[in-house]
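Source file: upload-v2.csv. Holds: CSV, C-alpha atoms.
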chain,number,residue,atom,x,y,z
U,1,MET,CA,4.6,9.8,26.0
U,2,LYS,CA,4.1,13.5,25.1
U,3,LYS,CA,0.7,14.7,24.0
U,4,ALA,CA,2.0,15.6,20.5
U,5,THR,CA,3.3,12.1,20.0
U,6,VAL,CA,0.1,10.5,21.2
U,7,SER,CA,-1.9,12.7,18.9
U,8,ILE,CA,0.1,11.7,15.8
U,9,LEU,CA,0.2,8.1,16.8
U,10,THR,CA,-3.5,8.1,17.1
U,11,ALA,CA,-3.9,9.7,13.7
U,12,LEU,CA,-1.6,7.1,12.2
U,13,SER,CA,-3.3,4.2,13.8
U,14,LEU,CA,-6.8,5.5,12.8
U,15,ALA,CA,-5.6,6.1,9.3
U,16,PHE,CA,-4.3,2.5,9.0
U,17,ALA,CA,-7.6,1.2,10.4
U,18,GLY,CA,-9.5,3.1,7.8
U,19,GLN,CA,-11.4,5.2,10.3
U,20,ALA,CA,-12.3,8.6,9.2
U,21,ILE,CA,-10.7,11.4,11.2
U,22,ALA,CA,-11.5,14.3,8.9
U,23,SER,CA,-14.9,15.9,8.3
U,24,SER,CA,-14.1,17.9,5.1
U,25,CYS,CA,-11.5,17.8,2.4
U,26,GLU,CA,-11.2,21.6,2.1
U,27,GLY,CA,-7.7,22.7,2.9
U,28,TYR,CA,-6.2,19.2,2.9
U,29,GLY,CA,-3.1,18.1,1.1
U,30,PRO,CA,-3.0,15.8,-1.9
U,31,GLN,CA,-4.9,12.5,-1.6
U,32,THR,CA,-4.5,8.9,-2.6
U,33,PRO,CA,-5.3,6.6,-4.5
U,34,ARG,CA,-5.3,7.9,-8.0
U,35,ASP,CA,-5.0,7.0,-11.7
U,36,ILE,CA,-1.2,7.0,-12.1
U,37,ASP,CA,-1.5,7.6,-15.8
U,38,ASN,CA,-3.2,10.9,-15.1
U,39,LEU,CA,-0.4,13.4,-14.4
U,40,LEU,CA,-2.7,16.4,-13.7
U,41,GLY,CA,-3.1,17.8,-10.2
U,42,GLU,CA,-4.1,21.2,-8.8
U,43,ASN,CA,-3.6,20.7,-5.0
U,44,LYS,CA,-1.5,23.6,-3.6
U,45,ARG,CA,-0.2,21.8,-0.5
U,46,VAL,CA,3.5,21.1,-1.0
U,47,PHE,CA,5.8,18.9,1.2
U,48,SER,CA,9.2,17.4,0.6
U,49,LYS,CA,9.5,14.1,-1.2
U,50,ALA,CA,10.6,11.3,1.2
U,51,PRO,CA,14.1,9.8,0.7
U,52,ASP,CA,14.5,6.6,-1.3
U,53,SER,CA,13.3,3.5,0.4
U,54,GLU,CA,16.9,2.3,0.8
U,55,GLU,CA,17.5,5.3,3.0
U,56,MET,CA,14.5,4.7,5.2
U,57,ASN,CA,13.3,1.9,7.6
U,58,LEU,CA,10.7,-0.5,6.5
U,59,CYS,CA,8.1,-0.2,9.2
U,60,ASN,CA,5.0,-2.2,7.9
U,61,ILE,CA,3.8,-4.4,5.1
U,62,HIS,CA,0.1,-4.9,4.4
U,63,PHE,CA,-2.2,-5.4,1.4
U,64,HIS,CA,-5.6,-4.5,0.0
U,65,LYS,CA,-8.0,-6.7,-1.9
U,66,ASN,CA,-8.2,-5.2,-5.5
U,67,ALA,CA,-5.9,-2.3,-6.5
U,68,GLU,CA,-6.6,1.0,-4.8
U,69,HIS,CA,-4.7,2.7,-7.6
U,70,LYS,CA,-5.5,2.6,-11.3
U,71,ALA,CA,-3.2,2.2,-14.3
U,72,LYS,CA,-3.4,0.8,-17.9
U,73,ASP,CA,-2.4,-2.6,-16.6
U,74,PHE,CA,-4.9,-2.7,-13.8
U,75,SER,CA,-8.0,-0.9,-15.0
U,76,VAL,CA,-10.9,-3.4,-14.7
U,77,PHE,CA,-13.4,-1.7,-12.4
U,78,ALA,CA,-14.3,-4.1,-9.5
U,79,GLY,CA,-17.1,-1.9,-8.0
U,80,ASP,CA,-17.6,0.6,-5.2
U,81,SER,CA,-17.8,-1.8,-2.3
U,82,LYS,CA,-15.3,-2.0,0.5
U,83,TYR,CA,-13.3,-4.4,-1.6
U,84,GLY,CA,-13.9,-2.6,-4.9
U,85,GLY,CA,-11.1,-0.9,-6.7
U,86,TYR,CA,-9.5,-2.3,-9.8
U,87,GLN,CA,-8.4,-5.7,-11.1
U,88,CYS,CA,-5.4,-6.6,-13.3
U,89,ASN,CA,-6.5,-6.7,-17.0
U,90,ALA,CA,-4.9,-10.1,-17.5
U,91,THR,CA,-7.1,-11.7,-14.9
U,92,SER,CA,-9.5,-12.9,-17.6
U,93,SER,CA,-6.6,-14.9,-19.3
U,94,LEU,CA,-5.6,-16.9,-16.3
U,95,THR,CA,-5.6,-20.7,-16.8
U,96,ALA,CA,-7.8,-23.2,-15.0
U,97,ALA,CA,-4.7,-24.5,-13.1
U,98,GLU,CA,-3.8,-20.9,-11.9
U,99,LEU,CA,-7.4,-20.5,-10.7
U,100,LYS,CA,-7.6,-23.9,-8.8
U,101,ALA,CA,-8.7,-23.3,-5.3
U,102,PRO,CA,-6.3,-24.3,-2.5
U,103,LYS,CA,-7.4,-26.1,0.6
U,104,GLY,CA,-8.9,-23.9,3.3
U,105,LYS,CA,-9.3,-20.2,3.4
U,106,VAL,CA,-6.5,-17.9,2.5
U,107,CYS,CA,-6.0,-14.6,4.5
U,108,LYS,CA,-9.7,-14.9,5.3
U,109,ASN,CA,-11.0,-13.5,2.0
U,110,VAL,CA,-8.5,-14.1,-0.8
U,111,LYS,CA,-8.8,-16.6,-3.6
U,112,PRO,CA,-7.0,-17.4,-6.9
U,113,GLY,CA,-7.8,-14.8,-9.6
U,114,ASP,CA,-8.0,-12.0,-7.1
U,115,THR,CA,-6.0,-8.8,-7.4
U,116,ILE,CA,-4.2,-7.4,-4.4
U,117,GLU,CA,-2.2,-4.2,-3.9
U,118,VAL,CA,0.8,-4.6,-1.5
U,119,HIS,CA,2.1,-1.6,0.4
U,120,TRP,CA,5.7,-1.6,1.9
U,121,VAL,CA,5.6,1.4,4.2
U,122,HIS,CA,8.8,3.1,5.1
U,123,SER,CA,9.6,5.7,7.8
U,124,SER,CA,12.4,8.2,8.3
U,125,CYS,CA,12.3,7.3,12.0
U,126,ASP,CA,14.7,4.9,13.7
U,127,VAL,CA,12.1,2.2,14.3
U,128,THR,CA,11.6,-1.6,14.0
U,129,PRO,CA,9.0,-3.1,11.7
U,130,GLY,CA,5.7,-4.0,13.4
U,131,LYS,CA,2.0,-3.9,13.5
U,132,GLY,CA,0.1,-1.0,12.0
U,133,LEU,CA,1.3,2.5,11.0
U,134,GLY,CA,1.9,3.2,14.7
U,135,SER,CA,5.2,1.2,14.2
U,136,CYS,CA,6.4,3.9,11.8
U,137,LEU,CA,7.1,6.5,14.6
U,138,SER,CA,8.3,6.7,18.1
U,139,ASP,CA,8.4,9.0,21.2
U,140,LYS,CA,11.6,10.5,19.7
U,141,CYS,CA,10.3,10.7,16.2
U,142,ALA,CA,6.7,11.8,16.2
U,143,ASN,CA,6.5,13.4,12.7
U,144,PRO,CA,8.2,11.0,10.2
U,145,GLN,CA,8.5,11.2,6.5
U,146,LEU,CA,6.6,8.3,5.0
U,147,ARG,CA,7.1,6.5,1.7
U,148,VAL,CA,5.0,3.6,0.4
U,149,GLU,CA,6.4,1.3,-2.2
U,150,THR,CA,3.5,-0.3,-4.1
U,151,GLN,CA,3.0,-3.4,-6.3
U,152,VAL,CA,-0.2,-4.8,-7.7
U,153,PHE,CA,-0.4,-8.6,-8.0
U,154,MET,CA,-2.7,-11.3,-9.6
U,155,VAL,CA,-3.1,-14.1,-7.0
U,156,VAL,CA,-2.6,-17.4,-8.7
U,157,ASN,CA,-2.2,-21.1,-7.7
U,158,ASP,CA,1.2,-21.6,-9.3
U,159,GLU,CA,4.5,-22.4,-7.5
U,160,ASN,CA,6.4,-20.7,-10.4
U,161,ALA,CA,4.8,-17.4,-9.5
U,162,LEU,CA,6.5,-15.0,-7.0
U,163,ASP,CA,6.8,-16.3,-3.5
U,164,PHE,CA,5.3,-13.8,-1.1
U,165,ASN,CA,7.7,-14.8,1.6
U,166,ASP,CA,10.6,-13.5,-0.6
U,167,LEU,CA,8.9,-10.1,-0.4
U,168,ASP,CA,8.8,-10.1,3.4
U,169,TYR,CA,11.1,-8.6,6.0
U,170,ASP,CA,12.3,-11.5,8.2
U,171,GLY,CA,14.9,-9.3,10.0
U,172,ASN,CA,16.6,-8.1,6.9
U,173,VAL,CA,18.9,-5.1,7.6
U,174,VAL,CA,20.9,-3.4,4.8
U,175,ASN,CA,23.4,-0.6,5.6
U,176,GLY,CA,21.7,-0.1,9.0
U,177,TYR,CA,18.1,0.1,7.6
U,178,HIS,CA,15.3,-2.4,8.0
U,179,GLN,CA,14.4,-3.5,4.4
U,180,ALA,CA,12.2,-5.9,2.6
U,181,LYS,CA,14.1,-8.9,1.2
U,182,HIS,CA,12.8,-7.9,-2.3
U,183,ILE,CA,10.4,-5.6,-3.9
U,184,PRO,CA,9.5,-6.3,-7.6
U,185,ASP,CA,11.8,-4.4,-10.0
U,186,THR,CA,10.6,-5.8,-13.3
U,187,THR,CA,7.1,-4.3,-13.5
U,188,GLY,CA,8.0,-0.9,-14.9
U,189,LYS,CA,9.5,2.4,-13.6
U,190,PRO,CA,7.6,3.3,-10.5
U,191,VAL,CA,5.4,6.4,-10.7
U,192,GLU,CA,6.2,8.8,-7.8
U,193,PHE,CA,3.8,11.4,-6.4
U,194,LEU,CA,2.8,13.2,-3.2
U,195,GLY,CA,-0.4,11.9,-1.5
U,196,SER,CA,-1.9,10.6,1.7
U,197,THR,CA,-2.7,7.4,3.6
U,198,THR,CA,-5.6,5.3,2.1
U,199,GLY,CA,-8.3,3.1,3.5
U,200,PRO,CA,-12.0,2.5,2.8
U,201,SER,CA,-13.4,5.1,5.1
U,202,TYR,CA,-11.6,8.0,3.4
U,203,THR,CA,-13.6,9.7,0.6
U,204,ALA,CA,-13.7,12.8,-1.5
U,205,GLN,CA,-15.4,14.4,1.6
U,206,GLN,CA,-13.5,12.6,4.3
U,207,CYS,CA,-9.8,13.2,3.7
U,208,SER,CA,-6.6,11.9,5.3
U,209,PRO,CA,-4.3,14.6,6.8
U,210,LEU,CA,-1.1,12.5,6.6
U,211,GLN,CA,1.6,13.2,4.1
U,212,VAL,CA,3.0,10.2,2.1
U,213,THR,CA,5.4,9.9,-0.9
U,214,TRP,CA,4.0,7.1,-3.1
U,215,SER,CA,6.0,4.9,-5.5
U,216,VAL,CA,3.6,2.8,-7.6
U,217,ARG,CA,4.7,0.2,-10.2
U,218,PRO,CA,2.6,0.4,-13.4
U,219,ALA,CA,2.4,-3.3,-14.3
U,220,CYS,CA,0.9,-6.3,-12.5
U,221,ALA,CA,2.9,-9.4,-11.4
U,222,LYS,CA,1.8,-12.9,-10.3
U,223,VAL,CA,2.1,-14.2,-6.7
U,224,ASP,CA,1.5,-17.7,-5.5
U,225,ILE,CA,-1.5,-17.9,-3.3
U,226,ASN,CA,0.0,-20.8,-1.2
U,227,THR,CA,2.9,-18.5,-0.2
U,228,LEU,CA,0.5,-15.7,0.6
U,229,ALA,CA,-1.4,-18.1,2.9
U,230,THR,CA,1.8,-19.0,4.7
U,231,TRP,CA,2.6,-15.3,5.2
U,232,CYS,CA,-0.9,-14.5,6.6
U,233,GLU,CA,-0.5,-17.4,9.1
U,234,SER,CA,2.6,-15.8,10.7
U,235,ASN,CA,4.4,-12.5,10.1
U,236,GLU,CA,6.0,-9.6,12.1
U,237,PHE,CA,3.1,-7.3,11.2
U,238,GLU,CA,0.3,-9.4,12.6
U,239,GLU,CA,-1.4,-9.2,9.2
U,240,ASP,CA,-3.9,-12.0,8.5
U,241,HIS,CA,-6.4,-10.5,5.9
U,242,ALA,CA,-6.7,-8.2,3.0
U,243,HIS,CA,-7.8,-4.6,3.8
U,244,GLY,CA,-10.5,-2.7,2.0
U,245,VAL,CA,-9.9,0.0,-0.6
U,246,ARG,CA,-10.5,3.8,-0.8
U,247,LYS,CA,-12.3,4.9,-3.9
U,248,LEU,CA,-10.2,6.5,-6.6
U,249,VAL,CA,-9.6,10.2,-6.1
U,250,THR,CA,-10.3,12.1,-9.3
U,251,ASP,CA,-10.9,15.7,-8.3
U,252,PRO,CA,-7.8,17.6,-9.6
U,253,LYS,CA,-8.0,19.8,-6.5
U,254,LEU,CA,-7.3,16.8,-4.3
U,255,LEU,CA,-4.4,15.5,-6.5
U,256,ALA,CA,-0.7,16.6,-6.7
U,257,PRO,CA,0.8,17.0,-10.2
U,258,ILE,CA,3.0,14.0,-11.3
U,259,ASN,CA,6.3,15.3,-12.7

The structure in this file should be written as structure tokens.
Amino acid sequence: MKKATVSILTALSLAFAGQAIASSCEGYGPQTPRDIDNLLGENKRVFSKAPDSEEMNLCNIHFHKNAEHKAKDFSVFAGDSKYGGYQCNATSSLTAAELKAPKGKVCKNVKPGDTIEVHWVHSSCDVTPGKGLGSCLSDKCANPQLRVETQVFMVVNDENALDFNDLDYDGNVVNGYHQAKHIPDTTGKPVEFLGSTTGPSYTAQQCSPLQVTWSVRPACAKVDINTLATWCESNEFEEDHAHGVRKLVTDPKLLAPIN
């Protein structure tokens, strides 16, 4: 494996693990997460928007506990901890049945009433979905374009809510591209913007150098916790828990304008 490939692979892997690889945000490109209702941004770094997800390969699926992004529909502040971020506004109106605890632990730290933000990561490389962001590149494609399709969910104990396994990969190939079986399309027009990778170790002083096109849906949906539990027990991505969140980026100099 060439040194350049190793370097980028290391950066991608560290980024996904939430390990800081930058010491200062000066000179870095636009950062993520952000308030998607705030369209302002002053970051001068420009890169090309990634193709639509249908023209890229799904390379990873993972999720964060509480929303990393903020929007009108998920704007209840959950604190500054590793699992802080934002909760869906409608959480307070969930029924007792929806909040009933299932048997056993779910994904190590998820319970009914929690908010999660799911990331479907796509790559311009010819790769197969797998563990971590390292699966989004290869020896022959060391500098991919990346796109993250994003949906925020309220986790509920309700078999009538969305089945997380319907949002999985399971070997689904469409027109030659690895694709999720389904990504919610009834939660509003996705807000697209240029940004970076996320994770709890990145801050306004410790920035991510990686370039990502984001597509964030503005409304919450409900997902059945029992199906999420099943997914965490076995999936192609070796995901078994919710990841932490990066604090909201608010400095206009670290944000790209949203058109």

Using 10 Å as the limit and counting only C-alpha atoms, can you tabulate each residue of range 170-202 of chain U that touches range 38-49 of chain U, with its shortest atom-to-atom distance in Å and the two atoms involved, as a Markdown table?
| residue | atom | partner | partner_atom | distance |
| --- | --- | --- | --- | --- |
| U:Val191 | CA | U:Leu39 | CA | 9.8 |
| U:Glu192 | CA | U:Lys49 | CA | 9.1 |
| U:Phe193 | CA | U:Lys49 | CA | 8.2 |
| U:Leu194 | CA | U:Lys49 | CA | 7.0 |
| U:Gly195 | CA | U:Phe47 | CA | 9.7 |

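Contact shell of Asn235 in chain U at 10 Å (all atoms listed in the file; same-chain neighbours under 5 positions omitted): Ile61, Gly130, Lys131, Asn165, Asp168, Tyr169, Asp170, Thr230 and Asp240 of chain U.
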
Just to be explicit: take each residue in the selection above, keep C-alpha atoms, and write the result as an mmCIF file, keeping the file's coordinate frame.
data_model
loop_
_atom_site.group_PDB
_atom_site.id
_atom_site.type_symbol
_atom_site.label_atom_id
_atom_site.label_comp_id
_atom_site.auth_asym_id
_atom_site.auth_seq_id
_atom_site.Cartn_x
_atom_site.Cartn_y
_atom_site.Cartn_z
ATOM 1 C CA ILE U 61 3.800 -4.400 5.100
ATOM 2 C CA GLY U 130 5.700 -4.000 13.400
ATOM 3 C CA LYS U 131 2.000 -3.900 13.500
ATOM 4 C CA ASN U 165 7.700 -14.800 1.600
ATOM 5 C CA ASP U 168 8.800 -10.100 3.400
ATOM 6 C CA TYR U 169 11.100 -8.600 6.000
ATOM 7 C CA ASP U 170 12.300 -11.500 8.200
ATOM 8 C CA THR U 230 1.800 -19.000 4.700
ATOM 9 C CA ASP U 240 -3.900 -12.000 8.500
#

Next item on the list: Quick one: pull the distance between CA of Pro112 in chain U and CA of Arg217 in chain U, Å, one decimal.
Entry: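 Computed distance, CA of Pro112 in chain U to CA of Arg217 in chain U, equals 21.4 Å.
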
Check: Residues at most 12 Å from Thr95 in chain U, counting all atoms listed in the file, excluding those fewer than 3 positions away in the same chain, as number ranges by chain?
Finding: U: 90-92, 98-100, 112-113, 156-158

Check: Taking into account all atoms listed in the file, which residue in the set U:Glu233, U:Leu94, U:Phe153, U:Thr198 is nearest to Arg34 in chain U?
Finding: U:Thr198

Next item on the list: Give me, please, the distance in Å between CA of Ser208 in chain U and CA of Gln151 in chain U, quoted to one decimal.
Entry: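 Computing it gives 21.5 Å between the two atoms.
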
Check: Just how far from CA of Cys207 in chain U is CA of Tyr28 in chain U, in Å to one decimal?
Finding: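 We find that CA of Tyr28 in chain U and CA of Cys207 in chain U lie 7.0 Å from each other.
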